[in-house]
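File shown here: upload-v2.csv, holding CSV, C-alpha atoms.
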```csv
chain,number,residue,atom,x,y,z
K,1134,MET,CA,247.8,203.8,161.6
K,1135,ALA,CA,247.4,207.5,162.1
K,1136,GLU,CA,248.8,209.5,159.3
K,1137,ALA,CA,250.3,212.8,160.4
K,1138,SER,CA,252.9,214.6,158.4
K,1139,SER,CA,254.6,216.2,161.3
K,1140,SER,CA,258.3,215.6,160.9
K,1141,SER,CA,258.9,214.8,164.6
K,1142,GLU,CA,257.7,211.2,164.3
K,1143,PHE,CA,260.0,210.2,161.5
K,1144,PRO,CA,262.1,208.2,160.9
K,1145,LYS,CA,259.7,205.6,162.0
K,1146,LYS,CA,261.1,202.8,164.1
K,1147,VAL,CA,260.2,199.4,162.7
K,1148,VAL,CA,260.8,196.2,164.6
K,1149,TYR,CA,262.1,193.3,162.6
K,1150,CYS,CA,261.7,189.7,163.6
K,1151,GLY,CA,264.8,188.1,165.0
K,1152,VAL,CA,264.0,184.8,163.3
K,1153,CYS,CA,262.9,185.6,159.8
K,1154,SER,CA,264.0,189.2,159.6
K,1155,LEU,CA,260.7,190.5,158.3
K,1156,PRO,CA,258.5,192.9,160.1
K,1157,PRO,CA,256.6,190.7,162.6
K,1158,GLU,CA,253.2,191.3,160.9
K,1159,TYR,CA,254.6,189.4,157.9
K,1160,CYS,CA,256.0,186.5,159.9
K,1161,GLU,CA,252.9,184.4,159.0
K,1162,PHE,CA,254.1,184.3,155.4
K,1163,GLY,CA,257.7,183.3,156.2
K,1164,GLY,CA,257.4,179.6,157.0
K,1165,THR,CA,258.8,179.8,160.5
K,1166,VAL,CA,255.7,181.1,162.2
K,1167,LYS,CA,256.1,179.1,165.4
K,1168,LYS,CA,259.6,180.3,166.1
K,1169,CYS,CA,258.7,183.8,165.1
K,1170,GLU,CA,255.9,183.9,167.5
K,1171,GLU,CA,258.0,182.6,170.4
K,1172,TRP,CA,260.7,185.2,169.6
K,1173,LEU,CA,258.1,188.0,169.5
K,1174,GLU,CA,256.6,186.9,172.8
K,1175,GLN,CA,259.9,187.1,174.4
K,1176,ASN,CA,261.2,190.3,172.9
K,1177,HIS,CA,258.1,192.4,172.3
K,1178,PRO,CA,255.2,191.1,174.4
K,1179,ALA,CA,253.0,194.1,173.5
K,1180,MET,CA,253.3,193.5,169.9
K,1181,HIS,CA,252.8,189.8,170.3
K,1182,GLU,CA,249.5,190.4,172.1
K,1183,LYS,CA,248.3,192.5,169.2
K,1184,LEU,CA,249.3,190.2,166.4
K,1185,TYR,CA,248.6,186.8,167.8
K,1186,SER,CA,245.4,187.4,169.7
K,1187,GLN,CA,242.4,185.3,168.8
K,1188,GLU,CA,240.6,188.3,167.4
K,1189,ALA,CA,243.4,189.2,165.0
K,1190,ILE,CA,243.6,185.7,163.7
K,1191,GLU,CA,239.9,185.4,163.1
K,1192,GLN,CA,239.9,188.7,161.4
K,1193,ASN,CA,242.7,187.6,159.1
K,1194,LEU,CA,240.8,184.5,158.1
K,1195,SER,CA,237.5,186.2,157.5
K,1196,ALA,CA,239.1,188.4,154.8
K,1197,LEU,CA,239.5,185.4,152.5
K,1198,SER,CA,237.1,183.1,150.8
K,1199,LEU,CA,237.0,179.5,152.1
K,1200,ASP,CA,238.7,178.1,149.0
K,1201,ALA,CA,241.5,180.6,149.1
K,1202,GLN,CA,242.0,179.9,152.8
K,1203,LYS,CA,242.5,176.3,152.1
K,1204,ARG,CA,245.0,176.9,149.4
K,1205,ALA,CA,246.8,179.5,151.5
K,1206,GLU,CA,247.0,177.0,154.4
K,1207,LYS,CA,248.4,174.3,152.2
K,1208,ASP,CA,250.9,176.6,150.8
K,1209,ALA,CA,252.0,177.8,154.2
K,1210,GLN,CA,252.4,174.2,155.4
K,1211,LYS,CA,254.5,173.4,152.4
K,1212,LYS,CA,256.7,176.4,153.0
K,1213,ALA,CA,257.1,175.6,156.7
K,1214,ALA,CA,258.1,172.0,155.9
K,1215,LYS,CA,260.6,173.3,153.4
K,1216,ALA,CA,262.1,175.8,155.8
K,1217,ALA,CA,262.4,173.1,158.5
K,1218,SER,CA,264.1,170.6,156.2
K,1219,ALA,CA,266.5,173.3,154.9
K,1220,GLU,CA,267.5,174.1,158.4
K,1221,ALA,CA,268.0,170.4,159.4
K,1222,LYS,CA,270.1,169.9,156.3
K,1223,ALA,CA,272.3,172.9,157.1
K,1224,GLN,CA,272.8,171.7,160.6
K,1225,GLU,CA,273.7,168.2,159.5
K,1226,GLN,CA,276.1,169.5,157.0
K,1227,ARG,CA,277.7,171.6,159.6
K,1228,ALA,CA,278.1,168.6,161.9
K,1229,THR,CA,279.6,166.3,159.3
K,1230,SER,CA,281.7,168.5,157.2
K,1231,LYS,CA,285.4,168.7,157.9
K,1232,VAL,CA,288.0,171.4,157.5
K,1233,LEU,CA,291.2,170.0,156.1
K,1234,ILE,CA,294.5,171.7,156.8
K,1235,LYS,CA,297.1,170.3,154.4
K,1236,ARG,CA,300.8,170.8,154.6
K,1237,ILE,CA,302.2,170.5,151.1
K,1238,GLU,CA,305.9,170.2,150.5
K,1239,ARG,CA,306.9,172.5,147.7
K,1240,ASN,CA,310.7,172.4,147.6
K,1241,LYS,CA,312.4,170.3,150.3
K,1242,ARG,CA,312.4,172.7,153.2
K,1243,LYS,CA,309.6,174.9,151.9
K,1244,TYR,CA,306.0,174.3,152.4
K,1245,VAL,CA,302.6,175.7,151.6
K,1246,THR,CA,299.5,175.1,153.7
K,1247,ALA,CA,296.2,174.5,152.0
K,1248,VAL,CA,292.9,174.9,153.9
K,1249,GLN,CA,289.8,173.3,152.5
K,1250,GLY,CA,286.2,173.1,153.6
K,1251,LEU,CA,285.7,176.4,155.3
K,1252,GLU,CA,282.8,177.4,153.0
K,1253,GLN,CA,280.7,174.7,154.6
K,1254,PHE,CA,280.7,176.7,157.8
K,1255,GLY,CA,279.3,179.8,156.1
K,1256,LEU,CA,282.5,181.6,155.9
K,1257,ASP,CA,283.5,183.8,153.0
K,1258,ILE,CA,286.8,182.2,152.0
K,1259,LYS,CA,288.1,185.2,150.2
K,1260,LYS,CA,287.8,187.2,153.4
K,1261,VAL,CA,289.3,184.4,155.5
K,1262,ALA,CA,292.2,184.2,153.1
K,1263,LYS,CA,292.9,187.9,153.6
K,1264,ASP,CA,292.7,187.5,157.3
K,1265,PHE,CA,295.2,184.6,157.2
K,1266,GLY,CA,297.6,186.8,155.2
K,1267,LYS,CA,297.3,189.6,157.7
K,1268,LYS,CA,297.6,187.4,160.8
K,1269,PHE,CA,300.6,185.4,159.7
K,1270,ALA,CA,302.2,188.0,157.5
K,1271,THR,CA,302.5,185.7,154.5
K,1272,GLY,CA,301.0,185.4,151.1
K,1273,SER,CA,297.6,183.9,151.2
K,1274,SER,CA,295.3,183.3,148.3
K,1275,VAL,CA,292.2,181.5,147.1
K,1276,THR,CA,293.0,178.9,144.5
K,1277,LYS,CA,290.8,176.6,142.5
K,1278,VAL,CA,291.1,172.9,143.2
K,1279,PRO,CA,291.2,170.5,140.2
K,1280,GLY,CA,288.2,168.6,141.5
K,1281,GLY,CA,286.1,171.7,141.6
K,1282,GLY,CA,285.7,174.1,144.5
K,1283,GLU,CA,288.2,176.4,146.1
K,1284,GLU,CA,290.8,176.3,148.8
K,1285,ILE,CA,292.9,178.8,150.7
K,1286,THR,CA,296.7,178.5,150.0
K,1287,VAL,CA,298.9,180.0,152.6
K,1288,GLN,CA,302.7,180.3,152.1
K,1289,GLY,CA,304.8,178.6,154.7
K,1290,ASP,CA,304.3,175.7,157.1
K,1291,LEU,CA,301.5,177.1,159.3
K,1292,SER,CA,299.3,174.1,159.8
K,1293,ASP,CA,299.4,174.3,163.6
K,1294,ASP,CA,299.0,178.0,163.8
K,1295,ILE,CA,296.1,177.9,161.4
K,1296,LEU,CA,294.5,175.2,163.5
K,1297,ASP,CA,294.8,177.3,166.6
K,1298,TYR,CA,293.6,180.4,164.9
K,1299,LEU,CA,290.6,178.7,163.4
K,1300,THR,CA,289.3,177.2,166.6
K,1301,GLU,CA,289.9,180.4,168.4
K,1302,THR,CA,288.3,182.9,166.1
K,1303,TYR,CA,285.5,180.9,164.5
K,1304,SER,CA,283.5,179.4,167.3
K,1305,ASP,CA,281.2,177.8,164.8
K,1306,ILE,CA,283.8,175.2,163.9
K,1307,PRO,CA,284.1,172.4,166.4
K,1308,GLU,CA,287.7,171.5,167.0
K,1309,ASP,CA,287.1,167.8,166.2
K,1310,ASN,CA,286.1,168.7,162.7
K,1311,VAL,CA,289.4,170.3,161.9
K,1312,GLU,CA,292.0,167.9,160.6
K,1313,CYS,CA,295.7,168.3,159.9
K,1314,ILE,CA,297.3,166.2,157.3
K,1315,GLU,CA,300.7,166.2,155.7
K,1316,ASP,CA,300.9,165.8,152.0
K,1317,LYS,CA,304.3,164.5,150.9
K,1318,LYS,CA,303.6,164.7,147.2
K,1319,LYS,CA,305.7,167.3,145.4
K,1320,LYS,CA,303.8,169.9,143.6
K,1321,ALA,CA,304.9,170.3,140.0
K,1322,ALA,CA,304.4,174.0,139.6
K,1323,GLY,CA,305.7,176.0,142.5
N,695,MET,CA,264.7,190.9,140.5
N,696,PHE,CA,266.3,189.4,143.6
N,697,LYS,CA,264.7,186.1,143.8
N,698,LYS,CA,267.9,184.3,144.4
N,699,ASP,CA,270.3,185.1,147.2
N,700,ILE,CA,272.9,187.5,145.9
N,701,THR,CA,276.5,187.9,146.7
N,702,PRO,CA,277.5,191.6,146.9
N,703,GLY,CA,280.4,192.7,144.8
N,704,PRO,CA,283.2,195.0,146.1
N,705,LYS,CA,282.2,198.1,148.0
N,706,THR,CA,283.5,201.3,146.5
N,707,LYS,CA,283.3,204.8,147.7
N,708,VAL,CA,281.2,207.2,145.8
N,709,LYS,CA,282.9,210.4,144.7
N,710,SER,CA,281.5,213.4,146.5
N,711,SER,CA,280.5,215.0,143.2
N,712,ALA,CA,278.7,211.8,142.2
N,713,GLN,CA,277.2,211.7,145.7
N,714,ARG,CA,275.7,215.2,145.2
N,715,GLY,CA,274.2,214.0,141.9
N,716,ILE,CA,272.6,211.1,143.5
N,717,ARG,CA,271.2,213.3,146.3
N,718,GLN,CA,269.7,215.6,143.7
N,719,LYS,CA,268.2,212.7,141.8
N,720,VAL,CA,266.6,211.3,144.9
N,721,LEU,CA,265.1,214.7,145.6
N,722,ASP,CA,263.8,215.0,142.1
N,723,GLN,CA,262.3,211.6,142.2
N,724,TYR,CA,260.9,211.7,145.7
N,725,PRO,CA,260.4,215.4,146.5
N,726,GLN,CA,258.6,214.4,149.7
N,727,LEU,CA,261.8,213.1,151.2
N,728,GLU,CA,263.2,216.6,151.3
N,729,PRO,CA,262.7,217.3,155.0
N,730,TYR,CA,264.5,214.2,155.8
N,731,ILE,CA,267.3,214.0,153.2
N,732,ASP,CA,269.9,215.2,155.7
N,733,ASP,CA,269.0,212.3,158.0
N,734,ILE,CA,269.0,209.8,155.2
N,735,MET,CA,272.2,211.0,153.5
N,736,PRO,CA,274.0,213.6,155.5
N,737,LYS,CA,276.2,215.7,153.2
N,738,LYS,CA,279.4,214.9,155.0
N,739,GLU,CA,278.9,211.1,155.1
N,740,GLN,CA,280.6,208.9,152.7
N,741,LEU,CA,278.2,206.9,150.5
N,742,ASP,CA,279.2,203.4,149.4
N,743,LEU,CA,278.4,201.9,146.1
N,744,VAL,CA,277.9,198.1,146.1
N,745,LYS,CA,277.7,196.3,142.8
N,746,LEU,CA,275.2,193.5,142.6
N,747,PRO,CA,274.7,190.9,139.9
N,748,ASP,CA,272.8,191.9,136.7
N,749,ARG,CA,274.2,195.5,136.6
N,750,ILE,CA,272.4,196.6,139.7
N,751,ALA,CA,274.0,199.2,141.8
N,752,LEU,CA,273.2,199.6,145.5
N,753,TYR,CA,273.9,202.8,147.4
N,754,ALA,CA,274.5,202.3,151.0
N,755,LEU,CA,275.5,204.5,153.9
N,756,SER,CA,277.7,202.6,156.4
N,757,ALA,CA,276.1,199.2,155.8
N,758,VAL,CA,272.6,200.5,155.7
N,759,PRO,CA,271.2,200.0,152.2
N,760,LEU,CA,269.3,203.1,150.8
N,761,PHE,CA,268.7,203.0,147.1
N,762,PHE,CA,269.3,200.6,144.3
N,763,GLN,CA,269.3,201.1,140.6
N,764,HIS,CA,269.4,198.9,137.5
N,765,MET,CA,271.7,200.6,135.0
N,766,ASP,CA,270.1,204.1,134.5
N,767,ASP,CA,266.6,203.2,135.5
N,768,PRO,CA,265.0,205.3,138.3
N,769,LEU,CA,266.5,204.9,141.7
N,770,LEU,CA,264.3,202.5,143.8
N,771,PRO,CA,264.3,202.8,147.6
N,772,HIS,CA,265.2,199.9,149.8
N,773,LEU,CA,262.4,198.6,151.9
N,774,THR,CA,264.0,199.5,155.2
N,775,LEU,CA,264.1,203.1,154.0
N,776,ILE,CA,260.4,202.9,153.0
N,777,HIS,CA,259.6,201.5,156.4
N,778,ARG,CA,261.3,204.5,158.0
N,779,TYR,CA,259.6,207.1,155.8
N,780,PRO,CA,256.5,205.5,154.5
N,781,HIS,CA,254.5,208.6,153.7
N,782,CYS,CA,257.2,210.0,151.3
N,783,PHE,CA,256.5,207.5,148.6
N,784,THR,CA,253.6,206.9,146.3
N,785,ARG,CA,251.7,204.0,147.7
N,786,LEU,CA,249.1,201.4,146.6
N,787,ARG,CA,247.6,198.6,148.5
N,788,ILE,CA,247.0,194.9,147.7
N,789,ASP,CA,244.5,192.6,149.3
N,790,ARG,CA,245.4,189.9,151.7
N,791,GLY,CA,245.2,187.1,149.3
N,792,ALA,CA,248.0,188.5,147.2
N,793,ILE,CA,250.5,188.9,150.0
N,794,ARG,CA,251.8,185.4,150.0
N,795,PHE,CA,252.4,185.4,146.2
N,796,VAL,CA,254.2,188.7,146.4
N,797,LEU,CA,256.4,187.5,149.3
N,798,SER,CA,257.4,184.4,147.3
N,799,GLY,CA,258.5,186.6,144.4
N,800,ALA,CA,255.7,186.5,141.9
N,801,SER,CA,255.1,189.7,139.9
N,802,LEU,CA,252.2,191.6,141.2
N,803,MET,CA,249.0,191.2,139.2
N,804,VAL,CA,246.2,193.8,138.8
N,805,PRO,CA,243.4,191.9,140.5
N,806,GLY,CA,245.3,192.1,143.8
N,807,LEU,CA,244.9,195.9,143.5
N,808,THR,CA,241.4,196.2,142.1
N,809,SER,CA,239.7,193.8,144.5
N,810,ALA,CA,237.9,195.0,147.6
N,811,GLY,CA,241.0,194.8,149.8
N,812,GLY,CA,243.2,196.6,147.3
N,813,ARG,CA,243.6,200.3,146.9
N,814,LEU,CA,244.2,202.2,143.7
N,815,PRO,CA,244.2,206.0,143.5
N,816,GLY,CA,240.8,207.6,144.1
N,817,ASN,CA,239.3,204.7,146.0
N,818,ALA,CA,236.2,205.7,147.9
N,819,ASP,CA,237.2,203.9,151.1
N,820,ASP,CA,240.5,205.7,151.2
N,821,THR,CA,239.3,208.9,152.9
N,822,GLU,CA,242.7,210.1,154.0
N,823,GLY,CA,244.0,210.1,150.5
N,824,ARG,CA,246.7,207.8,151.6
N,825,TYR,CA,247.1,205.9,148.3
N,826,GLY,CA,247.9,207.1,144.9
N,827,GLY,CA,249.6,210.2,143.5
N,828,LYS,CA,249.7,213.2,145.8
N,829,ASP,CA,249.9,215.9,143.2
N,830,GLY,CA,246.3,215.7,142.2
N,831,GLY,CA,246.3,216.0,138.4
N,832,ASP,CA,243.7,213.7,136.9
N,833,GLY,CA,242.4,212.4,140.2
N,834,GLY,CA,245.9,211.1,141.3
N,835,GLU,CA,246.1,208.5,138.6
N,836,LEU,CA,249.5,207.1,138.0
N,837,ASP,CA,251.2,206.3,134.7
N,838,ALA,CA,253.2,203.3,133.7
N,839,GLY,CA,256.8,203.6,134.7
N,840,GLU,CA,256.2,205.3,138.0
N,841,VAL,CA,257.8,203.9,141.1
N,842,VAL,CA,255.3,202.7,143.7
N,843,VAL,CA,255.4,201.2,147.1
N,844,ILE,CA,253.0,198.4,147.8
N,845,GLU,CA,251.4,198.0,151.2
N,846,ALA,CA,249.1,195.2,152.2
N,847,GLU,CA,245.6,194.9,153.6
N,848,GLY,CA,245.7,194.8,157.4
N,849,LYS,CA,249.4,195.5,157.6
N,850,GLU,CA,251.3,198.6,158.5
N,851,ASN,CA,254.5,198.2,156.6
N,852,ALA,CA,255.2,198.0,152.9
N,853,CYS,CA,256.0,194.7,151.4
N,854,PHE,CA,257.1,195.5,147.8
N,855,VAL,CA,258.5,198.2,145.7
N,856,GLY,CA,258.5,198.3,142.0
N,857,VAL,CA,257.8,200.1,138.7
N,858,LEU,CA,254.3,200.3,137.4
N,859,LYS,CA,253.8,198.4,134.2
N,860,MET,CA,250.4,199.7,133.5
N,861,GLY,CA,248.7,203.0,134.3
N,862,THR,CA,246.3,202.9,137.2
N,863,GLY,CA,243.5,204.2,135.0
N,864,GLU,CA,244.0,201.3,132.6
N,865,MET,CA,244.1,198.9,135.5
N,866,LYS,CA,240.7,199.9,136.6
N,867,ARG,CA,239.4,199.3,133.1
N,868,VAL,CA,241.1,196.1,132.2
N,869,ARG,CA,241.3,194.4,135.7
N,870,LYS,CA,243.8,191.8,134.7
N,871,GLY,CA,247.4,191.3,133.8
N,872,GLN,CA,250.7,192.3,135.4
N,873,ALA,CA,250.6,195.5,137.4
N,874,LEU,CA,254.2,195.9,138.5
N,875,GLU,CA,257.5,194.8,137.2
N,876,GLY,CA,259.8,192.7,139.3
N,877,GLY,CA,261.2,194.8,142.1
N,878,HIS,CA,262.2,194.4,145.7
N,879,TYR,CA,260.0,192.5,148.2
N,880,LEU,CA,260.3,191.5,151.8
N,881,GLY,CA,262.6,188.5,152.3
N,882,ASP,CA,264.2,188.5,148.9
N,883,GLY,CA,267.9,188.4,148.2
N,884,LEU,CA,268.3,192.1,148.5
N,885,TRP,CA,266.5,192.1,151.8
N,886,GLN,CA,268.7,189.3,153.1
N,887,LEU,CA,271.8,191.0,152.0
N,888,ASN,CA,274.3,191.7,154.7
N,889,LEU,CA,276.7,194.5,153.9
N,890,ALA,CA,278.6,194.5,157.2
```
Would you put the structure from the file into structure tokens?
Amino acid sequence: MAEASSSSEFPKKVVYCGVCSLPPEYCEFGGTVKKCEEWLEQNHPAMHEKLYSQEAIEQNLSALSLDAQKRAEKDAQKKAAKAASAEAKAQEQRATSKVLIKRIERNKRKYVTAVQGLEQFGLDIKKVAKDFGKKFATGSSVTKVPGGGEEITVQGDLSDDILDYLTETYSDIPEDNVECIEDKKKKAAG
Amino acid sequence: MFKKDITPGPKTKVKSSAQRGIRQKVLDQYPQLEPYIDDIMPKKEQLDLVKLPDRIALYALSAVPLFFQHMDDPLLPHLTLIHRYPHCFTRLRIDRGAIRFVLSGASLMVPGLTSAGGRLPGNADDTEGRYGGKDGGDGGELDAGEVVVIEAEGKENACFVGVLKMGTGEMKRVRKGQALEGGHYLGDGLWQLNLA
């Protein structure tokens, strides 16, 4: 890299990998090397040429002692396996987890609606609660559930509206995974 | 410092007087940033302060993180900022073998800097004077407590930023132990942080 202190070439533009978010030259340490390589080949072919050529790889290897190489390789494999399993797990969780929309009777004709399970889909429930409040013009808050965890409580009977809104705005959530239930049990503290 | 993923606290706006103070502090600490300071933090723009766990404050400009600070410690630049203006910071280099440890969050050890692939100030192979202190002094040696950016052998971009725990002169003599205190590395919680 040529070092010139002329101000015209700064700020320097740095490309970041779309898969692991590191600069591509560090992808090899990220655990998702295969995917990173594919991404780079598609998006920045010139850079891919430079980084993944046979020469470059050999040069990288020659810089280390044999022993260290082996250890590094083992480590890299472990890391890759870990990343892969983490991803699979996240996907599975996404497929199996359900969003529950509960209509809870508070006082005969008055209802509150509780929404559970949104955090499984990577949503920040505090923000979603705020959005609900804005969208439906009601009170909406995050409350703790006795069994642990948190849910969003929205004032009023909004279960159908919330169902529509959720499936419309958050495309991550499959419609089949959202369930509406009615809770007849009277809540003690209103 | 950011080994775990972190959740950002609320974003607050920085008062314009405080913003001037931060700007001045940045300039005092990194005088070489001066030509670019108006690009980095334009005077008119509103800086945001994001609180992170463990009393760390992060200054950001419209969702682009710039500097972070633990209590009243020196301001440390975010790696994206370093990538944009690499020559404005004091730099050292580590050998290839150390990269994977640094990227998994270990604290940086001296041998990574003293070995053949590493660069400390005054290295004979470093003809451009790229690494080490710029102000000369005693051969560009750095003292403990200084903020340094760590680059890696064979790589263009920096991978770590932290505070020196041991002077570089001492490192050359002792050749073991911790070199830098936990800072910010590529792929850590701060790096993954999404402010938008």
inquiry  = Report as a VMD selection string all protein, DNA and RNA residues lying within 6 Å of region 763-775 of chain N, evaluated on all atoms listed in the file, omitting residues in the same chain fewer than 6 positions from it.
reply    = chain N and resid 749 to 751
If I put a ball of radius 12 Å at (268.4, 214.8, 147.1) in the file's coordinates, which residues poke into it when counting all atoms listed in the file, written as a PDB file with C-alpha atoms, keeping the file's coordinate frame?
```
ATOM      1  CA  ALA N 712     278.700 211.800 142.200  1.00  0.00           C
ATOM      2  CA  GLN N 713     277.200 211.700 145.700  1.00  0.00           C
ATOM      3  CA  ARG N 714     275.700 215.200 145.200  1.00  0.00           C
ATOM      4  CA  GLY N 715     274.200 214.000 141.900  1.00  0.00           C
ATOM      5  CA  ILE N 716     272.600 211.100 143.500  1.00  0.00           C
ATOM      6  CA  ARG N 717     271.200 213.300 146.300  1.00  0.00           C
ATOM      7  CA  GLN N 718     269.700 215.600 143.700  1.00  0.00           C
ATOM      8  CA  LYS N 719     268.200 212.700 141.800  1.00  0.00           C
ATOM      9  CA  VAL N 720     266.600 211.300 144.900  1.00  0.00           C
ATOM     10  CA  LEU N 721     265.100 214.700 145.600  1.00  0.00           C
ATOM     11  CA  ASP N 722     263.800 215.000 142.100  1.00  0.00           C
ATOM     12  CA  GLN N 723     262.300 211.600 142.200  1.00  0.00           C
ATOM     13  CA  TYR N 724     260.900 211.700 145.700  1.00  0.00           C
ATOM     14  CA  PRO N 725     260.400 215.400 146.500  1.00  0.00           C
ATOM     15  CA  GLN N 726     258.600 214.400 149.700  1.00  0.00           C
ATOM     16  CA  LEU N 727     261.800 213.100 151.200  1.00  0.00           C
ATOM     17  CA  GLU N 728     263.200 216.600 151.300  1.00  0.00           C
ATOM     18  CA  PRO N 729     262.700 217.300 155.000  1.00  0.00           C
ATOM     19  CA  TYR N 730     264.500 214.200 155.800  1.00  0.00           C
ATOM     20  CA  ILE N 731     267.300 214.000 153.200  1.00  0.00           C
ATOM     21  CA  ASP N 732     269.900 215.200 155.700  1.00  0.00           C
ATOM     22  CA  ASP N 733     269.000 212.300 158.000  1.00  0.00           C
ATOM     23  CA  ILE N 734     269.000 209.800 155.200  1.00  0.00           C
ATOM     24  CA  MET N 735     272.200 211.000 153.500  1.00  0.00           C
ATOM     25  CA  PRO N 736     274.000 213.600 155.500  1.00  0.00           C
ATOM     26  CA  LYS N 737     276.200 215.700 153.200  1.00  0.00           C
ATOM     27  CA  PHE N 761     268.700 203.000 147.100  1.00  0.00           C
ATOM     28  CA  LEU N 769     266.500 204.900 141.700  1.00  0.00           C
TER      29      LEU N 769
END
```
For chain N, the closest of K:Lys1145, K:Lys1243, K:Lys1203, K:Arg1227 counting all atoms listed in the file is K:Lys1145
As a check of understanding: the span from CA of Phe1254 (chain K) to CA of Leu889 (chain N) is 18.7 Å
Which residues of chain N sit at most 12 Å from chain K, using all atoms listed in the file? Give each one's shortest atom pair and distance in Å (one decimal place), in chain and ascending residue order, as a tab-separated table.
```
residue	atom	partner	partner_atom	distance
N:Thr701	CA	K:Asp1257	CA	10.3
N:Pro702	CA	K:Asp1257	CA	11.6
N:Pro704	CA	K:Lys1260	CA	11.6
N:Gln726	CA	K:Ser1138	CA	10.4
N:Leu727	CA	K:Ser1140	CA	10.6
N:Glu728	CA	K:Ser1140	CA	10.8
N:Pro729	CA	K:Ser1140	CA	7.6
N:Tyr730	CA	K:Ser1140	CA	8.1
N:Ile731	CA	K:Pro1144	CA	11.0
N:Asp732	CA	K:Pro1144	CA	11.7
N:Asp733	CA	K:Pro1144	CA	8.5
N:Ile734	CA	K:Pro1144	CA	9.1
N:Leu773	CA	K:Leu1155	CA	10.5
N:Thr774	CA	K:Val1147	CA	8.4
N:Leu775	CA	K:Pro1144	CA	8.8
N:Ile776	CA	K:Lys1145	CA	9.4
N:His777	CA	K:Val1147	CA	6.7
N:Arg778	CA	K:Lys1145	CA	4.4
N:Tyr779	CA	K:Pro1144	CA	5.8
N:Pro780	CA	K:Lys1145	CA	8.2
N:His781	CA	K:Ser1138	CA	7.8
N:Cys782	CA	K:Ser1138	CA	9.5
N:Asp789	CA	K:Ala1196	CA	8.8
N:Arg790	CA	K:Ala1196	CA	7.2
N:Gly791	CA	K:Leu1197	CA	6.8
N:Ala792	CA	K:Ala1205	CA	10.0
N:Ile793	CA	K:Phe1162	CA	8.0
N:Arg794	CA	K:Phe1162	CA	6.0
N:Phe795	CA	K:Phe1162	CA	9.4
N:Val796	CA	K:Phe1162	CA	10.0
N:Leu797	CA	K:Phe1162	CA	7.3
N:Ser798	CA	K:Phe1162	CA	8.7
N:Ser809	CA	K:Leu1197	CA	11.6
N:Ala810	CA	K:Ala1196	CA	9.8
N:Gly811	CA	K:Ala1196	CA	8.3
N:Gly812	CA	K:Ala1196	CA	11.8
N:Thr821	CA	K:Glu1136	CA	11.5
N:Glu822	CA	K:Glu1136	CA	8.1
N:Gly823	CA	K:Glu1136	CA	10.0
N:Arg824	CA	K:Glu1136	CA	8.2
N:Tyr825	CA	K:Glu1136	CA	11.7
N:Glu845	CA	K:Tyr1159	CA	11.4
N:Ala846	CA	K:Tyr1159	CA	9.8
N:Glu847	CA	K:Ala1196	CA	9.3
N:Gly848	CA	K:Asn1193	CA	8.0
N:Lys849	CA	K:Glu1158	CA	6.6
N:Glu850	CA	K:Met1134	CA	7.0
N:Asn851	CA	K:Pro1156	CA	7.5
N:Ala852	CA	K:Pro1156	CA	9.4
N:Cys853	CA	K:Tyr1159	CA	8.5
N:Tyr879	CA	K:Leu1155	CA	10.3
N:Leu880	CA	K:Leu1155	CA	6.6
N:Gly881	CA	K:Leu1155	CA	6.6
N:Asp882	CA	K:Leu1155	CA	10.2
N:Trp885	CA	K:Ser1154	CA	8.7
N:Gln886	CA	K:Ser1154	CA	8.0
N:Leu887	CA	K:Ser1154	CA	11.0
N:Asn888	CA	K:Ser1154	CA	11.7
```
